[in-house]
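Colleague: Structure file input01.cif (mmCIF, C-alpha atoms) is given on the next line.
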```
data_structure
loop_
_atom_site.label_atom_id
_atom_site.label_comp_id
_atom_site.auth_asym_id
_atom_site.auth_seq_id
_atom_site.Cartn_x
_atom_site.Cartn_y
_atom_site.Cartn_z
CA MET A 1 0.00 0.00 0.00
CA PHE A 2 2.71 2.41 1.09
CA MET A 3 5.93 0.56 1.19
CA GLN A 4 8.61 1.55 -1.27
CA ASN A 5 11.52 -0.63 -0.12
CA ILE A 6 13.92 2.27 0.25
CA LYS A 7 17.24 1.13 1.76
CA ALA A 8 18.85 3.12 4.58
CA LYS A 9 21.57 5.24 3.05
CA ARG A 10 23.97 5.52 5.99
CA GLY A 11 25.45 3.02 8.43
CA PRO A 12 26.55 3.53 12.05
CA GLY A 13 29.36 5.99 12.76
CA ARG A 14 28.23 8.51 10.18
CA PRO A 15 27.28 12.12 11.11
CA PRO A 16 24.01 12.57 13.00
CA LYS A 17 20.94 12.52 10.78
CA ILE A 18 19.31 15.81 9.97
CA ASP A 19 15.71 16.45 10.96
CA SER A 20 14.12 15.79 7.57
CA GLU A 21 16.00 12.53 7.22
CA GLN A 22 14.87 11.48 10.70
CA ARG A 23 11.31 12.22 9.73
CA SER A 24 11.73 10.16 6.64
CA THR A 25 13.19 7.18 8.53
CA LYS A 26 10.42 7.29 11.12
CA GLU A 27 7.83 7.75 8.40
CA ARG A 28 9.19 4.75 6.55
CA MET A 29 8.97 2.57 9.64
CA LEU A 30 5.41 3.70 10.33
CA ARG A 31 4.38 2.98 6.74
CA SER A 32 5.93 -0.44 6.92
CA GLY A 33 4.10 -0.94 10.24
CA ILE A 34 0.75 -0.08 8.67
CA GLU A 35 1.34 -2.57 5.90
CA LEU A 36 2.63 -5.43 8.05
CA LEU A 37 0.27 -5.00 11.02
CA THR A 38 -2.75 -4.78 8.72
CA GLU A 39 -1.88 -8.00 6.96
CA TYR A 40 -0.34 -10.11 9.74
CA GLY A 41 -1.53 -8.59 13.02
CA PHE A 42 0.30 -7.32 16.08
CA ALA A 43 1.60 -10.54 17.62
CA SER A 44 2.87 -12.06 14.37
CA VAL A 45 5.01 -9.16 13.26
CA GLY A 46 8.42 -9.09 14.91
CA LEU A 47 10.45 -5.89 14.94
CA GLU A 48 13.06 -7.68 12.83
CA ARG A 49 10.60 -7.79 9.98
CA VAL A 50 9.98 -4.05 10.11
CA LEU A 51 13.72 -3.38 10.33
CA LYS A 52 14.44 -5.69 7.43
CA GLN A 53 11.74 -4.20 5.24
CA THR A 54 12.88 -0.64 5.91
CA GLY A 55 16.62 -1.24 6.14
CA VAL A 56 16.72 0.55 9.52
CA PRO A 57 19.16 -0.75 12.18
CA LYS A 58 17.72 -1.89 15.53
CA GLY A 59 19.38 0.94 17.47
CA SER A 60 17.60 3.50 15.31
CA PHE A 61 14.25 1.87 16.05
CA TYR A 62 14.66 2.56 19.76
CA HIS A 63 15.66 6.12 18.95
CA TYR A 64 12.16 6.66 17.60
CA PHE A 65 10.01 4.24 19.60
CA SER A 66 10.28 3.11 23.21
CA SER A 67 8.80 -0.36 22.57
CA LYS A 68 6.85 -2.44 20.08
CA GLU A 69 3.63 -1.26 21.74
CA ASP A 70 4.70 2.38 21.36
CA PHE A 71 5.47 1.67 17.70
CA ALA A 72 2.04 0.04 17.20
CA GLN A 73 0.33 2.99 18.89
CA GLN A 74 2.02 5.43 16.53
CA VAL A 75 1.15 3.16 13.59
CA VAL A 76 -2.50 3.28 14.68
CA VAL A 77 -2.41 7.09 14.96
CA GLY A 78 -0.81 7.29 11.49
CA TYR A 79 -3.33 4.89 9.97
CA GLY A 80 -6.20 6.76 11.64
CA LYS A 81 -5.03 10.02 10.05
CA TYR A 82 -4.37 8.44 6.66
CA PHE A 83 -7.81 6.87 6.66
CA ALA A 84 -9.48 10.08 7.90
CA ALA A 85 -7.94 11.93 4.94
CA LYS A 86 -9.25 9.21 2.64
CA LEU A 87 -12.71 9.53 4.21
CA ASP A 88 -12.64 13.30 3.73
CA LEU A 89 -11.72 12.84 0.11
CA TRP A 90 -15.04 11.08 -0.42
CA LEU A 91 -17.25 12.57 2.28
CA LEU A 92 -16.47 16.23 1.61
CA ASN A 93 -16.81 15.93 -2.17
CA GLU A 94 -19.37 18.62 -2.91
CA GLN A 95 -19.78 17.40 -6.46
CA ARG A 96 -21.88 14.56 -5.04
CA LEU A 97 -24.94 14.39 -2.78
CA PRO A 98 -24.07 13.28 0.81
CA LEU A 99 -25.40 9.69 0.66
CA GLN A 100 -23.68 9.17 -2.71
CA ARG A 101 -20.43 10.26 -1.04
CA ILE A 102 -20.79 7.48 1.54
CA MET A 103 -21.51 5.08 -1.30
CA ASP A 104 -18.37 6.29 -3.12
CA PHE A 105 -16.30 5.54 -0.01
CA ILE A 106 -17.84 2.05 0.20
CA ASN A 107 -17.12 1.35 -3.46
CA ASP A 108 -13.52 2.48 -3.02
CA GLY A 109 -13.21 0.12 -0.02
CA LYS A 110 -14.57 -2.75 -2.11
CA GLN A 111 -11.99 -2.03 -4.79
CA GLY A 112 -9.29 -2.10 -2.10
CA LEU A 113 -10.44 -5.50 -0.84
CA LEU A 114 -10.33 -6.92 -4.35
CA ARG A 115 -7.01 -5.25 -5.21
CA TYR A 116 -5.28 -6.94 -2.26
CA GLN A 117 -7.19 -10.25 -2.63
CA PHE A 118 -8.84 -9.73 0.77
CA ARG A 119 -5.48 -9.88 2.54
CA ARG A 120 -5.60 -6.48 4.20
CA GLY A 121 -8.96 -5.33 5.43
CA CYS A 122 -8.86 -2.67 8.14
CA LEU A 123 -5.89 -2.21 10.49
CA VAL A 124 -8.12 -0.87 13.25
CA GLY A 125 -10.55 -3.78 12.98
CA ASN A 126 -7.76 -6.36 12.84
CA MET A 127 -5.78 -4.97 15.73
CA GLY A 128 -8.91 -4.24 17.72
CA GLN A 129 -9.85 -7.92 17.76
CA GLU A 130 -6.34 -8.94 18.64
CA VAL A 131 -5.18 -6.49 21.31
CA ALA A 132 -8.38 -5.26 22.96
CA ALA A 133 -7.99 -7.66 25.86
CA THR A 134 -4.25 -7.40 26.35
CA HIS A 135 -3.06 -3.84 25.55
CA PRO A 136 -5.31 -1.18 27.13
CA LEU A 137 -3.38 1.80 25.72
CA LEU A 138 -3.58 0.45 22.19
CA ARG A 139 -7.24 -0.39 22.74
CA ASP A 140 -8.04 3.19 23.77
CA GLN A 141 -6.12 4.49 20.76
CA LEU A 142 -8.13 2.25 18.43
CA GLU A 143 -11.39 3.39 20.03
CA ALA A 144 -10.34 7.04 19.55
CA VAL A 145 -9.80 6.35 15.85
CA PHE A 146 -13.30 4.88 15.54
CA ILE A 147 -14.77 7.92 17.29
CA ASP A 148 -12.97 10.20 14.84
CA TRP A 149 -14.19 8.26 11.77
CA GLN A 150 -17.66 8.11 13.25
CA ARG A 151 -17.82 11.92 13.54
CA ARG A 152 -16.99 12.20 9.85
CA ILE A 153 -19.82 9.87 8.82
CA GLU A 154 -22.14 11.67 11.26
CA ALA A 155 -21.32 15.02 9.59
CA CYS A 156 -22.10 13.51 6.20
CA LEU A 157 -25.42 12.12 7.47
CA LEU A 158 -26.27 15.57 8.86
CA ALA A 159 -25.54 16.99 5.40
CA ALA A 160 -27.83 14.29 3.95
CA LYS A 161 -30.55 15.49 6.31
CA VAL A 162 -30.11 19.09 5.15
CA ALA A 163 -30.21 17.88 1.53
CA GLY A 164 -33.47 16.04 2.24
CA GLN A 165 -31.92 12.62 1.57
CA ILE A 166 -32.93 11.19 4.98
CA ALA A 167 -35.73 11.91 7.45
CA ASP A 168 -35.45 14.85 9.85
CA ASP A 169 -35.67 12.62 12.89
CA VAL A 170 -32.71 10.33 12.04
CA ASP A 171 -30.24 10.29 14.95
CA CYS A 172 -27.11 10.81 12.86
CA ALA A 173 -24.70 10.00 15.72
CA VAL A 174 -26.36 6.61 16.30
CA TRP A 175 -26.51 5.80 12.59
CA ALA A 176 -22.84 6.78 12.23
CA ASN A 177 -21.99 4.38 15.06
CA TYR A 178 -24.10 1.71 13.35
CA PHE A 179 -22.28 2.37 10.07
CA TRP A 180 -18.90 1.39 11.52
CA ILE A 181 -20.34 -1.61 13.34
CA GLY A 182 -21.66 -2.93 10.04
CA TRP A 183 -18.61 -1.89 8.04
CA GLU A 184 -16.13 -3.70 10.30
CA GLY A 185 -18.35 -6.79 10.46
CA ALA A 186 -18.65 -6.79 6.67
CA ILE A 187 -14.88 -6.44 6.15
CA LEU A 188 -14.19 -9.34 8.52
CA ARG A 189 -16.64 -11.54 6.68
CA ALA A 190 -15.30 -10.48 3.27
CA LYS A 191 -11.85 -11.65 4.34
CA LEU A 192 -13.20 -15.03 5.43
CA SER A 193 -15.49 -15.62 2.45
CA GLN A 194 -13.01 -14.07 -0.02
CA SER A 195 -15.91 -12.17 -1.52
CA VAL A 196 -17.47 -8.69 -1.33
CA THR A 197 -20.97 -10.13 -0.83
CA SER A 198 -21.00 -9.13 2.84
CA VAL A 199 -20.15 -5.52 1.93
CA ASP A 200 -22.98 -5.52 -0.62
CA VAL A 201 -25.44 -7.01 1.91
CA PHE A 202 -24.45 -4.43 4.51
CA THR A 203 -24.63 -1.52 2.05
CA LYS A 204 -27.99 -2.47 0.61
CA ILE A 205 -29.71 -2.99 3.96
CA TYR A 206 -28.02 -0.01 5.66
CA PHE A 207 -29.33 2.45 3.10
CA ALA A 208 -32.72 0.74 2.72
CA SER A 209 -33.14 0.94 6.52
CA LEU A 210 -32.16 4.61 6.91
CA PRO A 211 -35.50 6.34 7.56
CA GLY A 212 -36.66 8.41 4.61
CA CYS A 213 -33.64 7.39 2.54
CA ASN A 214 -33.75 8.91 -0.92
CA MET A 215 -30.68 8.35 -3.06
CA GLU A 216 -31.90 10.31 -6.07
CA MET B 1 -15.23 -20.30 30.49
CA PHE B 2 -14.34 -23.96 30.30
CA MET B 3 -11.02 -24.46 31.95
CA GLN B 4 -10.97 -26.49 35.13
CA ASN B 5 -7.21 -26.67 35.77
CA ILE B 6 -7.14 -30.44 36.01
CA LYS B 7 -3.59 -31.72 36.35
CA ALA B 8 -2.40 -34.69 34.27
CA LYS B 9 -2.51 -37.73 36.51
CA ARG B 10 0.24 -39.83 34.92
CA GLY B 11 3.79 -39.13 33.81
CA PRO B 12 5.81 -40.76 31.03
CA GLY B 13 6.50 -44.50 31.24
CA ARG B 14 3.10 -45.38 32.64
CA PRO B 15 0.71 -47.78 30.87
CA PRO B 16 -0.94 -46.49 27.67
CA LYS B 17 -3.95 -44.29 28.27
CA ILE B 18 -7.35 -45.78 27.77
CA ASP B 19 -9.71 -44.32 25.18
CA SER B 20 -11.87 -42.31 27.54
CA GLU B 21 -8.81 -40.80 29.16
CA GLN B 22 -7.44 -39.89 25.73
CA ARG B 23 -10.69 -38.21 24.89
CA SER B 24 -10.52 -36.33 28.12
CA THR B 25 -6.92 -35.17 27.52
CA LYS B 26 -7.74 -34.02 24.01
CA GLU B 27 -10.94 -32.39 25.22
CA ARG B 28 -9.01 -30.56 27.92
CA MET B 29 -6.53 -29.20 25.40
CA LEU B 30 -9.31 -28.09 23.07
CA ARG B 31 -11.11 -26.33 25.91
CA SER B 32 -7.94 -24.60 26.95
CA GLY B 33 -7.44 -23.63 23.28
CA ILE B 34 -10.88 -22.05 23.09
CA GLU B 35 -10.19 -20.02 26.19
CA LEU B 36 -6.68 -18.90 25.27
CA LEU B 37 -7.23 -18.28 21.55
CA THR B 38 -10.40 -16.28 22.24
CA GLU B 39 -8.64 -14.00 24.66
CA TYR B 40 -5.14 -13.71 23.21
CA GLY B 41 -5.41 -14.69 19.53
CA PHE B 42 -3.63 -17.29 17.42
CA ALA B 43 -0.16 -15.77 17.12
CA SER B 44 0.21 -14.82 20.80
CA VAL B 45 -0.59 -18.22 22.27
CA GLY B 46 2.38 -20.58 22.27
CA LEU B 47 1.84 -24.30 22.64
CA GLU B 48 3.76 -24.13 25.92
CA ARG B 49 0.94 -22.11 27.39
CA VAL B 50 -1.67 -24.70 26.42
CA LEU B 51 0.53 -27.51 27.77
CA LYS B 52 1.14 -25.66 31.00
CA GLN B 53 -2.52 -24.86 31.54
CA THR B 54 -3.60 -28.44 30.90
CA GLY B 55 -0.62 -30.26 32.43
CA VAL B 56 -0.16 -32.26 29.21
CA PRO B 57 3.41 -33.12 28.10
CA LYS B 58 4.58 -31.89 24.67
CA GLY B 59 4.84 -35.41 23.23
CA SER B 60 1.18 -36.00 23.98
CA PHE B 61 0.21 -32.84 22.12
CA TYR B 62 1.68 -34.25 18.91
CA HIS B 63 -0.14 -37.49 19.52
CA TYR B 64 -3.41 -35.60 19.12
CA PHE B 65 -2.52 -32.73 16.77
CA SER B 66 -0.11 -32.58 13.85
CA SER B 67 0.70 -28.87 14.30
CA LYS B 68 -0.43 -25.67 15.99
CA GLU B 69 -2.57 -24.93 12.93
CA ASP B 70 -4.23 -28.36 13.17
CA PHE B 71 -4.86 -27.70 16.86
CA ALA B 72 -6.39 -24.28 16.07
CA GLN B 73 -8.58 -25.82 13.38
CA GLN B 74 -9.93 -28.38 15.82
CA VAL B 75 -10.44 -25.63 18.40
CA VAL B 76 -12.49 -23.70 15.82
CA VAL B 77 -14.59 -26.79 15.03
CA GLY B 78 -15.14 -27.35 18.76
CA TYR B 79 -16.04 -23.73 19.40
CA GLY B 80 -18.37 -23.73 16.38
CA LYS B 81 -20.23 -26.73 17.80
CA TYR B 82 -20.31 -25.37 21.34
CA PHE B 83 -21.69 -22.07 20.08
CA ALA B 84 -24.19 -23.78 17.76
CA ALA B 85 -25.56 -25.69 20.77
CA LYS B 86 -25.80 -22.41 22.67
CA LEU B 87 -27.63 -20.83 19.73
CA ASP B 88 -30.05 -23.77 19.59
CA LEU B 89 -30.73 -23.39 23.29
CA TRP B 90 -32.14 -19.93 22.60
CA LEU B 91 -33.35 -20.19 19.01
CA LEU B 92 -35.31 -23.44 19.37
CA ASN B 93 -36.99 -22.41 22.62
CA GLU B 94 -40.63 -22.86 21.74
CA GLN B 95 -41.73 -21.10 24.91
CA ARG B 96 -40.81 -17.83 23.19
CA LEU B 97 -41.79 -16.21 19.88
CA PRO B 98 -39.00 -16.42 17.22
CA LEU B 99 -37.79 -12.80 17.34
CA GLN B 100 -37.78 -12.89 21.14
CA ARG B 101 -35.52 -15.95 20.92
CA ILE B 102 -32.98 -13.96 18.91
CA MET B 103 -33.26 -11.20 21.48
CA ASP B 104 -32.67 -13.76 24.27
CA PHE B 105 -29.48 -14.89 22.52
CA ILE B 106 -28.31 -11.28 22.21
CA ASN B 107 -29.00 -10.58 25.87
CA ASP B 108 -27.07 -13.69 26.86
CA GLY B 109 -24.15 -12.50 24.71
CA LYS B 110 -24.24 -9.11 26.42
CA GLN B 111 -24.10 -10.81 29.80
CA GLY B 112 -21.08 -12.79 28.60
CA LEU B 113 -19.26 -9.63 27.50
CA LEU B 114 -19.86 -8.03 30.89
CA ARG B 115 -18.99 -11.20 32.84
CA TYR B 116 -15.55 -11.37 31.24
CA GLN B 117 -15.02 -7.57 31.26
CA PHE B 118 -14.95 -7.51 27.43
CA ARG B 119 -11.83 -9.68 27.35
CA ARG B 120 -13.23 -12.54 25.28
CA GLY B 121 -15.64 -11.61 22.53
CA CYS B 122 -16.01 -14.20 19.77
CA LEU B 123 -13.27 -16.70 18.91
CA VAL B 124 -14.39 -16.84 15.29
CA GLY B 125 -14.38 -13.06 14.92
CA ASN B 126 -11.02 -12.68 16.65
CA MET B 127 -9.28 -15.42 14.74
CA GLY B 128 -10.95 -14.41 11.49
CA GLN B 129 -9.35 -10.98 11.61
CA GLU B 130 -6.01 -12.43 12.54
CA VAL B 131 -5.55 -15.46 10.30
CA ALA B 132 -7.72 -14.77 7.24
CA ALA B 133 -4.74 -13.56 5.20
CA THR B 134 -2.19 -16.10 6.36
CA HIS B 135 -3.88 -19.48 7.03
CA PRO B 136 -6.30 -20.46 4.24
CA LEU B 137 -7.41 -23.73 5.88
CA LEU B 138 -8.24 -22.00 9.14
CA ARG B 139 -9.97 -19.24 7.18
CA ASP B 140 -12.21 -21.72 5.37
CA GLN B 141 -13.00 -23.42 8.67
CA LEU B 142 -14.02 -20.10 10.22
CA GLU B 143 -16.21 -19.29 7.20
CA ALA B 144 -17.89 -22.71 7.51
CA VAL B 145 -18.72 -21.92 11.14
CA PHE B 146 -20.33 -18.61 10.14
CA ILE B 147 -22.39 -20.37 7.47
CA ASP B 148 -23.61 -22.87 10.07
CA TRP B 149 -24.59 -20.14 12.57
CA GLN B 150 -26.19 -18.17 9.77
CA ARG B 151 -28.46 -21.10 8.87
CA ARG B 152 -29.67 -21.25 12.46
CA ILE B 153 -30.62 -17.55 12.50
CA GLU B 154 -32.20 -17.96 9.05
CA ALA B 155 -34.38 -20.81 10.36
CA CYS B 156 -35.47 -18.63 13.27
CA LEU B 157 -36.31 -15.75 10.92
CA LEU B 158 -38.35 -18.15 8.79
CA ALA B 159 -40.21 -19.17 11.94
CA ALA B 160 -40.76 -15.45 12.66
CA LYS B 161 -42.29 -15.13 9.20
CA VAL B 162 -44.65 -18.04 9.87
CA ALA B 163 -45.56 -16.46 13.21
CA GLY B 164 -46.34 -13.17 11.45
CA GLN B 165 -43.53 -11.31 13.24
CA ILE B 166 -41.88 -10.12 10.00
CA ALA B 167 -43.12 -9.40 6.50
CA ASP B 168 -43.66 -12.24 4.02
CA ASP B 169 -41.14 -10.83 1.56
CA VAL B 170 -38.16 -10.69 3.96
CA ASP B 171 -35.22 -12.59 2.45
CA CYS B 172 -34.33 -14.55 5.60
CA ALA B 173 -30.97 -15.80 4.24
CA VAL B 174 -29.81 -12.25 3.53
CA TRP B 175 -31.05 -10.95 6.89
CA ALA B 176 -29.32 -13.84 8.64
CA ASN B 177 -26.07 -12.92 6.85
CA TYR B 178 -26.63 -9.29 7.89
CA PHE B 179 -27.23 -10.39 11.48
CA TRP B 180 -23.74 -11.88 11.81
CA ILE B 181 -22.12 -8.95 10.04
CA GLY B 182 -23.64 -6.59 12.59
CA TRP B 183 -23.07 -8.93 15.53
CA GLU B 184 -19.36 -9.36 14.89
CA GLY B 185 -18.91 -5.63 14.26
CA ALA B 186 -20.76 -4.86 17.49
CA ILE B 187 -18.67 -7.31 19.54
CA LEU B 188 -15.43 -5.83 18.18
CA ARG B 189 -16.55 -2.34 19.09
CA ALA B 190 -17.78 -3.45 22.54
CA LYS B 191 -14.28 -4.78 23.27
CA LEU B 192 -12.68 -1.48 22.25
CA SER B 193 -15.17 0.82 23.98
CA GLN B 194 -15.50 -1.49 27.01
CA SER B 195 -19.24 -1.01 26.78
CA VAL B 196 -22.30 -2.82 25.40
CA THR B 197 -23.57 0.33 23.65
CA SER B 198 -22.59 -1.02 20.23
CA VAL B 199 -24.58 -4.21 20.85
CA ASP B 200 -27.60 -2.11 21.88
CA VAL B 201 -27.26 0.13 18.81
CA PHE B 202 -27.01 -2.89 16.53
CA THR B 203 -29.95 -4.68 18.17
CA LYS B 204 -32.26 -1.68 18.15
CA ILE B 205 -31.64 -0.77 14.50
CA TYR B 206 -31.55 -4.39 13.26
CA PHE B 207 -35.03 -5.14 14.59
CA ALA B 208 -36.44 -1.71 13.71
CA SER B 209 -35.19 -2.21 10.13
CA LEU B 210 -36.58 -5.73 9.64
CA PRO B 211 -39.57 -5.17 7.35
CA GLY B 212 -42.90 -5.64 9.13
CA CYS B 213 -41.15 -6.33 12.45
CA ASN B 214 -43.62 -6.92 15.25
CA MET B 215 -42.14 -7.98 18.57
CA GLU B 216 -45.47 -8.29 20.39
#
```
Would you mind giving the structure from this file in structure tokens?

Modeller:
Amino acid sequence: MFMQNIKAKRGPGRPPKIDSEQRSTKERMLRSGIELLTEYGFASVGLERVLKQTGVPKGSFYHYFSSKEDFAQQVVVGYGKYFAAKLDLWLLNEQRLPLQRIMDFINDGKQGLLRYQFRRGCLVGNMGQEVAATHPLLRDQLEAVFIDWQRRIEACLLAAKVAGQIADDVDCAVWANYFWIGWEGAILRAKLSQSVTSVDVFTKIYFASLPGCNME
Amino acid sequence: MFMQNIKAKRGPGRPPKIDSEQRSTKERMLRSGIELLTEYGFASVGLERVLKQTGVPKGSFYHYFSSKEDFAQQVVVGYGKYFAAKLDLWLLNEQRLPLQRIMDFINDGKQGLLRYQFRRGCLVGNMGQEVAATHPLLRDQLEAVFIDWQRRIEACLLAAKVAGQIADDVDCAVWANYFWIGWEGAILRAKLSQSVTSVDVFTKIYFASLPGCNME
């Protein structure tokens, strides 16, 4: 998704890295983390794998991150922001009516599932299942990401209300919560069934159930 | 949930185990597997942990299972059956109307989440997120479990149709699929938010959206 396999340019003993290079090294590790943690999960991915993929020596890792959990937390923050920007791309597109924007986001997600043969899914969903019970700080970080995404869907549903696409009495906060419940459930099932049917089932019923829904 | 911390009674060099004892050893390992894999996931749980919890020596493990993946597959089959029996307990309860039976199952699930402080959730959902991309046999096993559970909800929805609780034109197979999409999404979110709100949101909207739904 992100990874470009750039090799580290300098070994130990060279002059200290300049700020922009540091940012780039850290950025590279975080991007590798998004890719690996999304596909393989938190427990499966050893630091060695991240270091190997990015060409960063172990000492440098601990310059940027205090532990694997700290690394994962920063990966989650980075993924949350990346995904929020992606959501905004679709949900703030004023060329389209609000409900169509949500549909555009869904269709883009379906394309992503197919493009990666259902290997990736959603980092937040994957890690949420895996670490919720064992890593409270990571868990709270993942929940914060969901709350952020939820607010963006809520804003789009409020715009749909203003545009007369849904009934005036729809509780947009609740339906935004419900959207992510269904979305994460559908992505999980798509990965297991190796098919986008679950996303289609979710999408069709979600919109058909939204009171006063008018997609035209 | 299941674990009873029974210690192995015999060491190496003793007479061969009798069939019922073998069943009991295997059963004990599978129960420990359900507990550990549900809470910690596939990658985090080493065989040592299962052996330690059950008091079974390593050699015995390989007498029953060819690998950790084989063990996990049998754990999934066992969990699928255990959960199917639990579903039947609620969904075939003729003392209650069909939709109320589904509600009874949901309420029992909520109690389970609270009882284990949101540490457990659903083994199939947890493992599905984690191993879908990396273990195709396990993935197919998990999908088969969902299909089995789905048929049980479908049968209950068909009974709801006969009882006049939902409209005649409801596609019960699709709504049963949608049920598990929402359920798994709600359980994931409950674990992250440490609250049953997501289950309540899912339940309320699911039933309100079911065409012709009449809970009385």

Colleague: Considering all atoms listed in the file, can you say which of A:Val162, A:Ile147, A:Leu192, A:Met215 comes closest to His135 (chain B)?

Modeller: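 Of the candidates, the smallest distance to His135 (chain B) is held by A:Leu192.
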
Colleague: Using the chain letters and residue numbers of this document, give as a PyMOL selection string the residues selected by the PyMOL selection byres ((chain A) within 8 of (chain B)).

Modeller: chain A and resi 39-41+43-44+118-120+125-126+128-134+139-140+142-143+174+177-178+180-186+188-189+191-193+198+201-202+209

Colleague: With the PyMOL selection byres ((chain A and resi 72) around 10) as the selection, what would be picked from this file? Answer as a PyMOL selection string, please.

Modeller: chain A and resi 30+33-34+37+42+65+67-71+73-78+127+138+141

Colleague: One decimal, Å: what's the distance from CA of Leu114 (chain A) over to CA of Lys81 (chain A), could you say?

Modeller: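 Those two atoms sit 22.9 Å apart.
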
Colleague: Could you name the residues that touch Leu87 (chain B) at 10 Å or less, counting only C-alpha atoms, but leaving out those on the same chain fewer than 5 positions away, as a short mmCIF file (atom, residue, chain, number, x, y, z; two decimals) with C-alpha atoms, in the coordinates of the input?

Modeller:
```cif
data_model
loop_
_atom_site.label_atom_id
_atom_site.label_comp_id
_atom_site.auth_asym_id
_atom_site.auth_seq_id
_atom_site.Cartn_x
_atom_site.Cartn_y
_atom_site.Cartn_z
CA LYS B 81 -20.23 -26.73 17.80
CA TYR B 82 -20.31 -25.37 21.34
CA LEU B 92 -35.31 -23.44 19.37
CA ASN B 93 -36.99 -22.41 22.62
CA ARG B 101 -35.52 -15.95 20.92
CA ILE B 102 -32.98 -13.96 18.91
CA ASP B 104 -32.67 -13.76 24.27
CA PHE B 105 -29.48 -14.89 22.52
CA ILE B 106 -28.31 -11.28 22.21
CA TRP B 149 -24.59 -20.14 12.57
CA ARG B 152 -29.67 -21.25 12.46
CA ILE B 153 -30.62 -17.55 12.50
#
```

Colleague: Using all atoms listed in the file, find the one residue out of A:Met29, A:Leu91, A:Ala176, A:Ala85 that sits nearest to Pro57 (chain A).

Modeller: A:Met29

Colleague: Might you spell out which residues the PyMOL selection byres ((chain A and resi 97) around 9) would select in the displayed file, as a VMD selection string?

Modeller: chain A and resid 93 to 96 98 to 101 159 to 160 163 165 215 to 216

Colleague: What does the distance between CA of Ser195 (chain B) and CA of Asp148 (chain A) come to in Å, to one decimal place?

Modeller: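 Taking CA of Ser195 (chain B) as the start and CA of Asp148 (chain A) as the end point, the length is 17.5 Å.
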
Colleague: So what do you get for CA of Leu158 (chain B) versus CA of Asn214 (chain B), distance-wise?

Modeller: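 Separation between CA of Leu158 (chain B) and CA of Asn214 (chain B): 14.0 Å.
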
Colleague: Taking all atoms listed in the file into account, name the residue in B:Gly80, B:Met103, B:Lys204, B:Leu36 that is nearest to Cys156 (chain B).

Modeller: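 Smallest separation from Cys156 (chain B) among the options: B:Met103.
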